[in-house]
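Listing of model.txt; format and content: compact mmCIF, C-alpha atoms and all ligand atoms.
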```
# COMPACT_ATOMS: atom_id res chain seq x y z
CA MET L 1 0.00 0.00 0.00
CA HIS L 2 1.28 3.47 -0.95
CA VAL L 3 0.46 6.12 1.68
CA LEU L 4 0.68 9.88 1.05
CA VAL L 5 0.76 12.30 3.99
CA ILE L 6 0.18 15.97 3.09
CA GLY L 7 1.15 18.30 5.94
CA ALA L 8 3.71 15.69 7.07
CA ALA L 9 6.05 18.24 8.68
CA GLY L 10 3.36 19.52 11.03
CA MET L 11 2.76 18.55 14.63
CA ILE L 12 0.16 15.86 13.93
CA GLY L 13 1.79 14.87 10.62
CA ARG L 14 5.10 14.00 12.31
CA LYS L 15 3.35 11.88 14.94
CA LEU L 16 1.26 10.16 12.27
CA VAL L 17 4.34 9.32 10.20
CA ALA L 18 6.04 7.81 13.29
CA SER L 19 2.92 5.76 13.93
CA LEU L 20 2.64 4.57 10.30
CA LEU L 21 6.29 3.53 10.27
CA GLY L 22 6.01 1.95 13.73
CA SER L 23 3.12 -0.24 12.68
CA GLY L 24 4.23 -0.89 9.06
CA HIS L 25 0.69 -1.60 7.94
CA VAL L 26 -2.79 -0.09 7.69
CA ASN L 27 -5.91 -2.23 7.93
CA GLY L 28 -3.91 -5.42 7.36
CA HIS L 29 -2.08 -4.06 4.27
CA ASP L 30 1.70 -3.62 4.47
CA ILE L 31 2.92 -0.09 3.75
CA THR L 32 5.18 -0.59 0.75
CA ARG L 33 5.80 3.08 0.01
CA LEU L 34 5.34 6.35 1.87
CA THR L 35 5.32 9.86 0.39
CA LEU L 36 5.70 12.75 2.82
CA HIS L 37 4.72 16.19 1.57
CA ASP L 38 4.62 19.66 3.12
CA VAL L 39 5.38 23.23 2.14
CA ILE L 40 8.47 22.85 4.34
CA MET L 41 10.66 19.82 3.64
CA PRO L 42 9.61 16.92 5.91
CA GLU L 43 12.38 15.02 7.71
CA GLN L 44 13.61 11.89 5.93
CA PRO L 45 12.82 9.06 8.37
CA GLN L 46 15.24 6.17 9.00
CA THR L 47 13.30 3.10 7.91
CA THR L 48 13.45 0.11 5.57
CA ILE L 49 10.19 1.26 3.91
CA PRO L 50 10.88 3.40 0.81
CA VAL L 51 10.02 7.02 1.71
CA ASP L 52 9.92 10.01 -0.69
CA VAL L 53 9.98 13.45 0.92
CA LYS L 54 8.70 16.40 -1.09
CA ALA L 55 8.27 20.12 -0.47
CA SER L 56 5.83 22.27 -2.45
CA ASP L 57 2.76 24.43 -1.94
CA ILE L 58 -0.41 22.31 -2.28
CA SER L 59 -2.37 25.42 -3.27
CA VAL L 60 -0.27 26.04 -6.39
CA PRO L 61 -2.01 24.55 -9.46
CA HIS L 62 -0.47 21.23 -10.70
CA GLU L 63 1.40 20.48 -7.45
CA ALA L 64 -1.40 18.15 -6.33
CA ASN L 65 -1.44 16.47 -9.78
CA VAL L 66 2.26 15.69 -9.40
CA LEU L 67 1.65 14.31 -5.90
CA VAL L 68 -1.15 11.92 -6.83
CA ALA L 69 0.26 10.87 -10.22
CA SER L 70 1.66 7.71 -8.60
CA LYS L 71 -1.87 6.88 -7.36
CA PRO L 72 -1.40 6.54 -3.60
CA ASP L 73 -3.96 4.16 -2.07
CA LEU L 74 -4.38 6.20 1.11
CA ILE L 75 -4.04 9.98 1.46
CA PHE L 76 -3.98 11.88 4.74
CA HIS L 77 -4.72 15.56 4.08
CA LEU L 78 -3.44 17.50 7.10
CA ALA L 79 -1.97 20.60 5.43
CA ALA L 80 -3.59 23.78 6.69
CA ILE L 81 -3.20 27.36 7.79
CA VAL L 82 -4.29 27.34 11.44
CA SER L 83 -7.13 29.38 12.95
CA GLY L 84 -5.36 32.55 14.14
CA GLU L 85 -3.41 32.95 10.91
CA ALA L 86 -6.44 32.15 8.69
CA GLU L 87 -8.34 34.90 10.53
CA ALA L 88 -5.46 37.36 10.12
CA ASN L 89 -4.81 36.53 6.46
CA LEU L 90 -8.08 35.92 4.58
CA GLU L 91 -6.46 35.26 1.20
CA LEU L 92 -3.89 32.77 2.52
CA GLY L 93 -6.46 30.83 4.58
CA TYR L 94 -8.91 30.35 1.67
CA ARG L 95 -6.09 29.56 -0.74
CA VAL L 96 -4.47 26.82 1.34
CA ASN L 97 -7.41 25.45 3.34
CA PHE L 98 -10.01 25.49 0.59
CA ASP L 99 -8.33 25.91 -2.83
CA GLY L 100 -5.53 23.50 -1.80
CA THR L 101 -8.12 20.88 -0.82
CA ARG L 102 -10.09 21.35 -4.03
CA LEU L 103 -6.97 21.11 -6.17
CA LEU L 104 -6.08 17.85 -4.39
CA PHE L 105 -9.53 16.33 -4.85
CA ASP L 106 -9.62 17.42 -8.50
CA ALA L 107 -6.19 15.93 -9.13
CA ILE L 108 -7.67 12.61 -7.94
CA ARG L 109 -10.75 13.11 -10.15
CA ILE L 110 -8.65 13.82 -13.22
CA ILE L 111 -6.83 10.46 -12.89
CA GLY L 112 -10.25 8.78 -13.16
CA GLY L 113 -10.77 5.13 -14.11
CA GLU L 114 -10.77 2.73 -11.18
CA TYR L 115 -8.70 5.08 -9.02
CA CYS L 116 -10.63 5.90 -5.80
CA PRO L 117 -8.21 6.37 -2.87
CA ARG L 118 -9.20 6.57 0.79
CA VAL L 119 -8.80 10.25 1.77
CA VAL L 120 -8.69 11.15 5.46
CA LEU L 121 -9.29 14.88 5.95
CA ALA L 122 -8.29 16.61 9.19
CA SER L 123 -11.24 18.87 9.93
CA SER L 124 -11.90 20.73 13.14
CA LEU L 125 -14.44 21.52 15.85
CA ALA L 126 -14.20 25.07 14.47
CA VAL L 127 -16.91 24.09 11.93
CA TYR L 128 -19.39 24.68 14.78
CA GLY L 129 -20.27 28.19 15.92
CA ALA L 130 -22.55 30.03 18.35
CA PRO L 131 -25.35 29.89 19.25
CA LEU L 132 -24.55 26.37 20.45
CA PRO L 133 -26.27 24.10 22.95
CA ASP L 134 -24.29 23.21 26.10
CA VAL L 135 -23.74 19.71 24.70
CA ILE L 136 -23.43 19.35 20.92
CA ASP L 137 -24.63 16.13 19.32
CA ASP L 138 -24.18 14.69 15.84
CA THR L 139 -27.19 16.55 14.41
CA GLN L 140 -25.80 20.05 15.08
CA HIS L 141 -25.76 22.36 12.04
CA LEU L 142 -22.45 23.84 10.92
CA THR L 143 -22.40 27.59 11.51
CA PRO L 144 -18.70 28.45 11.70
CA LEU L 145 -17.78 31.86 13.07
CA THR L 146 -14.21 32.02 11.81
CA SER L 147 -12.72 31.93 8.32
CA TYR L 148 -10.76 28.81 9.34
CA GLY L 149 -13.96 27.03 10.45
CA THR L 150 -15.70 28.07 7.24
CA GLN L 151 -12.80 26.77 5.12
CA LYS L 152 -12.88 23.43 6.97
CA ALA L 153 -16.69 23.18 6.54
CA MET L 154 -16.31 23.86 2.80
CA ALA L 155 -13.62 21.17 2.54
CA GLU L 156 -15.94 18.74 4.35
CA LEU L 157 -18.78 19.40 1.87
CA LEU L 158 -16.41 18.84 -1.04
CA LEU L 159 -15.19 15.58 0.54
CA ALA L 160 -18.77 14.35 0.97
CA ASP L 161 -19.78 15.25 -2.59
CA TYR L 162 -16.67 13.75 -4.21
CA SER L 163 -17.22 10.60 -2.13
CA ARG L 164 -20.87 10.42 -3.23
CA ARG L 165 -19.71 10.67 -6.85
CA GLY L 166 -17.15 7.89 -6.38
CA VAL L 167 -14.15 10.15 -7.06
CA LEU L 168 -12.62 9.30 -3.69
CA ASP L 169 -13.49 7.37 -0.54
CA GLY L 170 -13.41 10.18 2.00
CA ILE L 171 -13.72 10.50 5.72
CA GLY L 172 -13.44 13.85 7.51
CA ILE L 173 -12.61 13.81 11.17
CA ARG L 174 -13.36 16.88 13.25
CA LEU L 175 -10.48 17.02 15.66
CA PRO L 176 -10.88 18.42 19.15
CA THR L 177 -8.24 20.98 20.16
CA ILE L 178 -5.12 18.88 20.40
CA CYS L 179 -3.49 19.34 23.75
CA VAL L 180 -0.76 19.40 24.94
CA ARG L 181 0.76 20.70 21.70
CA PRO L 182 4.54 20.07 21.90
CA GLY L 183 7.25 22.49 20.81
CA LEU L 184 6.91 26.20 20.26
CA PRO L 185 3.56 28.02 20.35
CA ASN L 186 1.88 28.33 16.90
CA LYS L 187 -0.57 30.91 15.54
CA ALA L 188 -3.71 28.99 16.49
CA ALA L 189 -6.10 31.04 18.63
CA SER L 190 -6.36 27.94 20.83
CA GLY L 191 -2.59 27.92 21.50
CA PHE L 192 -2.87 29.03 25.14
CA PHE L 193 -4.83 25.87 26.09
CA SER L 194 -1.57 23.98 25.55
CA GLY L 195 0.73 26.82 26.64
CA ILE L 196 -0.66 26.96 30.20
CA ILE L 197 0.29 23.29 30.66
CA ARG L 198 3.40 22.94 28.48
CA GLU L 199 5.33 26.01 29.66
CA PRO L 200 4.86 25.45 33.44
CA LEU L 201 5.86 21.77 33.07
CA ASN L 202 9.10 23.13 31.52
CA GLY L 203 9.60 25.60 34.38
CA GLN L 204 8.59 28.54 32.13
CA GLU L 205 5.96 31.26 32.38
CA ALA L 206 2.74 30.94 30.33
CA VAL L 207 0.21 33.62 29.37
CA LEU L 208 -3.51 32.96 29.90
CA PRO L 209 -5.62 35.35 27.74
CA VAL L 210 -9.12 34.16 28.84
CA GLY L 211 -11.01 33.51 32.08
CA ASP L 212 -11.03 30.28 34.13
CA ASN L 213 -14.63 29.43 33.21
CA VAL L 214 -13.91 29.10 29.46
CA GLN L 215 -14.73 25.50 28.58
CA HIS L 216 -13.41 23.53 25.63
CA TRP L 217 -13.00 20.06 24.08
CA PHE L 218 -9.58 18.35 24.03
CA ALA L 219 -7.73 15.22 22.97
CA SER L 220 -4.02 14.37 23.09
CA PRO L 221 -1.69 14.22 20.06
CA ARG L 222 -1.59 10.45 20.71
CA SER L 223 -5.40 10.31 20.26
CA ALA L 224 -5.22 12.50 17.12
CA THR L 225 -2.91 9.93 15.52
CA GLU L 226 -5.14 7.07 16.63
CA PHE L 227 -8.20 8.83 15.15
CA LEU L 228 -6.42 9.20 11.79
CA MET L 229 -5.24 5.58 11.77
CA HIS L 230 -8.72 4.36 12.69
CA ALA L 231 -10.30 6.55 9.99
CA ALA L 232 -7.90 5.05 7.44
CA SER L 233 -9.06 1.51 8.30
CA LEU L 234 -12.78 2.10 8.84
CA ASP L 235 -15.41 0.53 6.60
CA THR L 236 -16.77 3.76 5.06
CA ALA L 237 -20.03 1.99 4.09
CA LEU L 238 -20.88 2.48 7.79
CA LEU L 239 -20.79 6.27 7.29
CA GLY L 240 -23.59 6.41 4.75
CA ALA L 241 -23.81 9.88 3.19
CA GLN L 242 -22.45 11.55 6.34
CA ARG L 243 -18.75 11.40 5.67
CA ASN L 244 -17.65 13.87 8.36
CA LEU L 245 -17.84 13.25 12.06
CA MET L 246 -16.91 14.80 15.38
CA MET L 247 -14.24 13.02 17.39
CA PRO L 248 -14.45 12.11 21.08
CA GLY L 249 -12.49 14.09 23.63
CA VAL L 250 -12.42 15.51 27.13
CA GLY L 251 -14.47 18.59 28.06
CA ALA L 252 -12.64 20.82 30.55
CA THR L 253 -12.73 24.43 31.69
CA VAL L 254 -9.49 26.40 31.94
CA GLY L 255 -9.98 26.17 35.73
CA GLU L 256 -10.21 22.36 35.48
CA GLN L 257 -7.09 22.29 33.30
CA ILE L 258 -5.26 24.27 35.98
CA ASP L 259 -6.59 21.97 38.75
CA ALA L 260 -5.24 18.97 36.83
CA LEU L 261 -1.86 20.72 36.44
CA ARG L 262 -1.84 21.40 40.21
CA ARG L 263 -2.60 17.71 41.01
CA ILE L 264 0.20 16.52 38.73
CA ALA L 265 2.93 19.18 39.03
CA GLY L 266 2.02 21.16 42.16
CA GLU L 267 1.35 24.81 43.05
CA ARG L 268 4.77 25.97 41.79
CA ALA L 269 3.75 25.04 38.25
CA VAL L 270 0.39 26.81 38.58
CA ARG L 271 2.13 30.02 39.77
CA LEU L 272 3.89 30.20 36.38
CA ILE L 273 0.56 31.00 34.66
CA ARG L 274 0.25 34.78 34.14
CA ARG L 275 -3.22 36.16 33.43
CA GLU L 276 -3.20 38.70 30.58
CA PRO L 277 -6.72 39.15 29.11
CA ASN L 278 -6.80 39.42 25.29
CA GLU L 279 -10.08 40.64 23.80
CA SER L 280 -9.42 39.36 20.28
CA ILE L 281 -8.65 35.79 21.45
CA ALA L 282 -11.57 35.85 23.91
CA ARG L 283 -13.92 36.87 21.05
CA ILE L 284 -12.80 33.99 18.82
CA ILE L 285 -13.02 31.45 21.66
CA ALA L 286 -16.48 32.69 22.75
CA GLY L 287 -17.96 31.32 19.52
CA TRP L 288 -16.35 27.89 19.99
CA PRO L 289 -17.99 24.69 21.19
CA ARG L 290 -17.63 23.53 24.78
CA LEU L 291 -18.92 19.97 25.14
CA PHE L 292 -19.89 17.20 22.70
CA ASN L 293 -21.77 13.95 22.70
CA PRO L 294 -19.95 12.35 19.74
CA ALA L 295 -22.10 9.20 19.77
CA ARG L 296 -21.53 8.32 16.09
CA ALA L 297 -17.75 8.39 16.32
CA LYS L 298 -17.79 6.36 19.55
CA ALA L 299 -20.11 3.76 17.99
CA LEU L 300 -17.65 3.53 15.08
CA GLY L 301 -14.81 2.74 17.50
CA PHE L 302 -13.04 6.14 17.87
CA LYS L 303 -11.62 6.58 21.40
CA ALA L 304 -9.99 9.43 23.34
CA GLU L 305 -8.82 10.15 26.87
CA THR L 306 -11.37 10.30 29.70
CA SER L 307 -9.80 13.02 31.90
CA PHE L 308 -7.55 16.08 31.54
CA ASP L 309 -5.10 14.48 34.02
CA GLU L 310 -4.66 11.68 31.46
CA ILE L 311 -3.91 14.26 28.73
CA ILE L 312 -1.20 15.91 30.87
CA ASN L 313 0.30 12.53 31.81
CA ILE L 314 0.52 11.57 28.12
CA HIS L 315 2.48 14.78 27.42
CA ILE L 316 4.83 14.06 30.34
CA ALA L 317 5.39 10.48 29.10
CA ASP L 318 5.57 11.11 25.31
CA VAL L 319 7.31 14.49 25.14
CA LEU L 320 9.08 15.13 28.45
CA GLY L 321 10.35 11.56 28.96
CA GLY L 322 8.66 11.56 32.36
CA VAL L 323 10.58 14.64 33.61
CA VAL L 324 8.72 17.69 35.00
CA LYS L 325 10.88 20.81 35.57
CA ALA L 326 8.39 22.95 37.53
N1 LIG W 401 -3.73 20.81 16.39
C1 LIG W 401 -5.03 21.01 16.63
O1 LIG W 401 -5.45 21.33 17.76
C2 LIG W 401 -6.03 20.80 15.52
C3 LIG W 401 -7.39 20.86 15.85
C4 LIG W 401 -8.32 20.72 14.84
C5 LIG W 401 -7.90 20.48 13.53
N2 LIG W 401 -6.57 20.43 13.25
C6 LIG W 401 -6.17 20.20 11.86
O2 LIG W 401 -5.26 19.10 11.82
C7 LIG W 401 -4.30 19.31 10.78
C8 LIG W 401 -2.90 19.20 11.33
O3 LIG W 401 -2.78 20.13 12.39
P1 LIG W 401 -1.38 20.43 13.12
O4 LIG W 401 -1.70 20.80 14.49
O5 LIG W 401 -0.42 19.33 12.84
O6 LIG W 401 -0.96 21.75 12.34
P2 LIG W 401 0.49 22.22 11.88
O7 LIG W 401 0.39 23.67 11.60
O8 LIG W 401 1.53 21.76 12.86
O9 LIG W 401 0.69 21.42 10.54
C9 LIG W 401 0.10 21.81 9.32
C10 LIG W 401 1.13 21.59 8.24
O10 LIG W 401 0.59 22.04 7.00
C11 LIG W 401 1.67 22.59 6.28
N3 LIG W 401 1.18 23.50 5.24
C12 LIG W 401 0.70 24.76 5.41
N4 LIG W 401 0.45 25.31 4.22
C13 LIG W 401 0.76 24.38 3.29
C14 LIG W 401 0.72 24.37 1.87
N5 LIG W 401 0.30 25.44 1.19
N6 LIG W 401 1.12 23.24 1.23
C15 LIG W 401 1.56 22.17 1.92
N7 LIG W 401 1.62 22.12 3.26
C16 LIG W 401 1.24 23.22 3.93
C17 LIG W 401 2.49 23.35 7.32
O11 LIG W 401 3.81 23.60 6.87
C18 LIG W 401 2.42 22.40 8.50
O12 LIG W 401 3.56 21.54 8.54
C19 LIG W 401 -4.63 20.68 10.18
O13 LIG W 401 -5.42 20.49 9.03
C20 LIG W 401 -5.42 21.38 11.26
O14 LIG W 401 -6.30 22.34 10.72
C21 LIG W 401 -5.64 20.58 14.22
```
Using structure tokens, write down the structure that the file contains.
Amino acid sequence: MHVLVIGAAGMIGRKLVASLLGSGHVNGHDITRLTLHDVIMPEQPQTTIPVDVKASDISVPHEANVLVASKPDLIFHLAAIVSGEAEANLELGYRVNFDGTRLLFDAIRIIGGEYCPRVVLASSLAVYGAPLPDVIDDTQHLTPLTSYGTQKAMAELLLADYSRRGVLDGIGIRLPTICVRPGLPNKAASGFFSGIIREPLNGQEAVLPVGDNVQHWFASPRSATEFLMHAASLDTALLGAQRNLMMPGVGATVGEQIDALRRIAGERAVRLIRREPNESIARIIAGWPRLFNPARAKALGFKAETSFDEIINIHIADVLGGVVKA
């Protein structure tokens, strides 16, 4: 099986590649070739599986045609401009998040014939927007309140239509906010949800731009990878016409996140969180979902953590090698 990962140099992309190479197969099929693509050159992994690494901009016409010319059987589409940057740069967000996706799907369509790869699209809970019920179920309408959420919703519709027409066999997974995001902060408006855990665990100060009662929906990077792998193996006949689905996660308020940090790393870690209200971030977050009842995804076998303590412990184990500096 030939697997193509687009957005392979990103946070989730790198973890997914490690997982694909660690397992060596998807849904009982050996991975015989892997192509890693991103606008920045992905790292060349050390493995016995043949791996091509490629750098180009997916939103430039013909780049997607070059990528799919070798007819990969499974495509993970993770490339995106994240929420804060898509809000700040309207043209860039629509070009990469929507035009890039359309160019990819059309490149698949143009090959035609029997070619119908499984396409796993990384969508987001940002497709939902206020007014929202306290608990969102699988029948909730999509009313995104950010350009990023709108771009993801448009990509989802395209995925569903191209699947209906037999161009591709798509599944869109709406990821919770992935926490704790390792490495440096990015331009996502949700970045502080990870920052207030990651920085204190490293003995560094973190900025909290919103109040303690802000509630949100989280899963670990480990779960994100497991969602993608499960989506790649799922029998899509079970999805019917609804090709996009919300993933399970943990609902927690900022206050509950901080309580979990206190239980695991103590008061010294909590004292490293500096409150600095930011109106623009608070406005974006106010339109975001808080809690879900993702019954469909659970029935289809998708699983996440069950507490925020578990999410922090996964970060300590997977990223910090068990060492907390606070
Ligand atoms: N991390 C989260 O909390 C979260 C939540 C919901 C959805 N998602 C979605 O999951 C996917 C992966 O997220 P992530 O956290 O790894 O993000 P990331 O920013 O770390 O990775 C995205 C990758 O896309 C690449 N990219 C950007 N523009 C590109 C272009 N024009 N052509 C090719 N590649 C390009 C970037 O270089 C980057 O490596 C994204 O689609 C994101 O929208 C993430």
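CA of Lys325 (chain L) to CA of Ser190 (chain L) spans 23.8 Å [interatomic distance, one decimal].
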>> Just to confirm, what's the straight-line distance from CA of Gly287 (chain L) to CA of Gly129 (chain L) in Å (one decimal)?
In response: 5.3 Å
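Interatomic distance, CA of Ile196 (chain L) to CA of Pro209 (chain L): 10.1 Å.
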Could you list, as a CSV table (one decimal) with C-alpha atoms, keeping the file's coordinate frame, all protein and nucleic acid residues with an atom at most 8 Å from ligand LIG 401 (chain W), counting only C-alpha atoms and all ligand atoms?
```
chain,number,residue,atom,x,y,z
L,6,ILE,CA,0.2,16.0,3.1
L,7,GLY,CA,1.2,18.3,5.9
L,8,ALA,CA,3.7,15.7,7.1
L,9,ALA,CA,6.0,18.2,8.7
L,10,GLY,CA,3.4,19.5,11.0
L,11,MET,CA,2.8,18.6,14.6
L,12,ILE,CA,0.2,15.9,13.9
L,13,GLY,CA,1.8,14.9,10.6
L,14,ARG,CA,5.1,14.0,12.3
L,37,HIS,CA,4.7,16.2,1.6
L,38,ASP,CA,4.6,19.7,3.1
L,39,VAL,CA,5.4,23.2,2.1
L,40,ILE,CA,8.5,22.8,4.3
L,55,ALA,CA,8.3,20.1,-0.5
L,56,SER,CA,5.8,22.3,-2.4
L,57,ASP,CA,2.8,24.4,-1.9
L,58,ILE,CA,-0.4,22.3,-2.3
L,59,SER,CA,-2.4,25.4,-3.3
L,60,VAL,CA,-0.3,26.0,-6.4
L,77,HIS,CA,-4.7,15.6,4.1
L,78,LEU,CA,-3.4,17.5,7.1
L,79,ALA,CA,-2.0,20.6,5.4
L,80,ALA,CA,-3.6,23.8,6.7
L,81,ILE,CA,-3.2,27.4,7.8
L,82,VAL,CA,-4.3,27.3,11.4
L,83,SER,CA,-7.1,29.4,13.0
L,95,ARG,CA,-6.1,29.6,-0.7
L,96,VAL,CA,-4.5,26.8,1.3
L,97,ASN,CA,-7.4,25.4,3.3
L,100,GLY,CA,-5.5,23.5,-1.8
L,121,LEU,CA,-9.3,14.9,6.0
L,122,ALA,CA,-8.3,16.6,9.2
L,123,SER,CA,-11.2,18.9,9.9
L,124,SER,CA,-11.9,20.7,13.1
L,125,LEU,CA,-14.4,21.5,15.8
L,126,ALA,CA,-14.2,25.1,14.5
L,148,TYR,CA,-10.8,28.8,9.3
L,152,LYS,CA,-12.9,23.4,7.0
L,174,ARG,CA,-13.4,16.9,13.2
L,175,LEU,CA,-10.5,17.0,15.7
L,176,PRO,CA,-10.9,18.4,19.2
L,177,THR,CA,-8.2,21.0,20.2
L,178,ILE,CA,-5.1,18.9,20.4
L,179,CYS,CA,-3.5,19.3,23.8
L,181,ARG,CA,0.8,20.7,21.7
L,186,ASN,CA,1.9,28.3,16.9
L,188,ALA,CA,-3.7,29.0,16.5
L,190,SER,CA,-6.4,27.9,20.8
L,221,PRO,CA,-1.7,14.2,20.1
```
Considering all atoms listed in the file, give me a table of residues in region 159-271 of chain L that are at most 10 Å from region 137-145 of chain L, with the closest atom pair and distance in Å for each, as a Markdown table.
```
| residue | atom | partner | partner_atom | distance |
| --- | --- | --- | --- | --- |
| L:Asn244 | CA | L:Asp138 | CA | 10.0 |
| L:Leu245 | CA | L:Asp138 | CA | 7.5 |
| L:Met246 | CA | L:Asp138 | CA | 7.3 |
```
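Among the candidates L:Ala232, L:Leu34, L:Ala241, L:Met247, the one nearest to Leu159 (chain L) when counting all atoms listed in the file is L:Ala241.
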> From the list L:Val119, L:Val127, L:Val26, L:Leu132, which residue is nearest Met154 (chain L) when using only C-alpha atoms?
Replying inline: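 Ranked by minimum distance to Met154 (chain L), first place goes to L:Val127.
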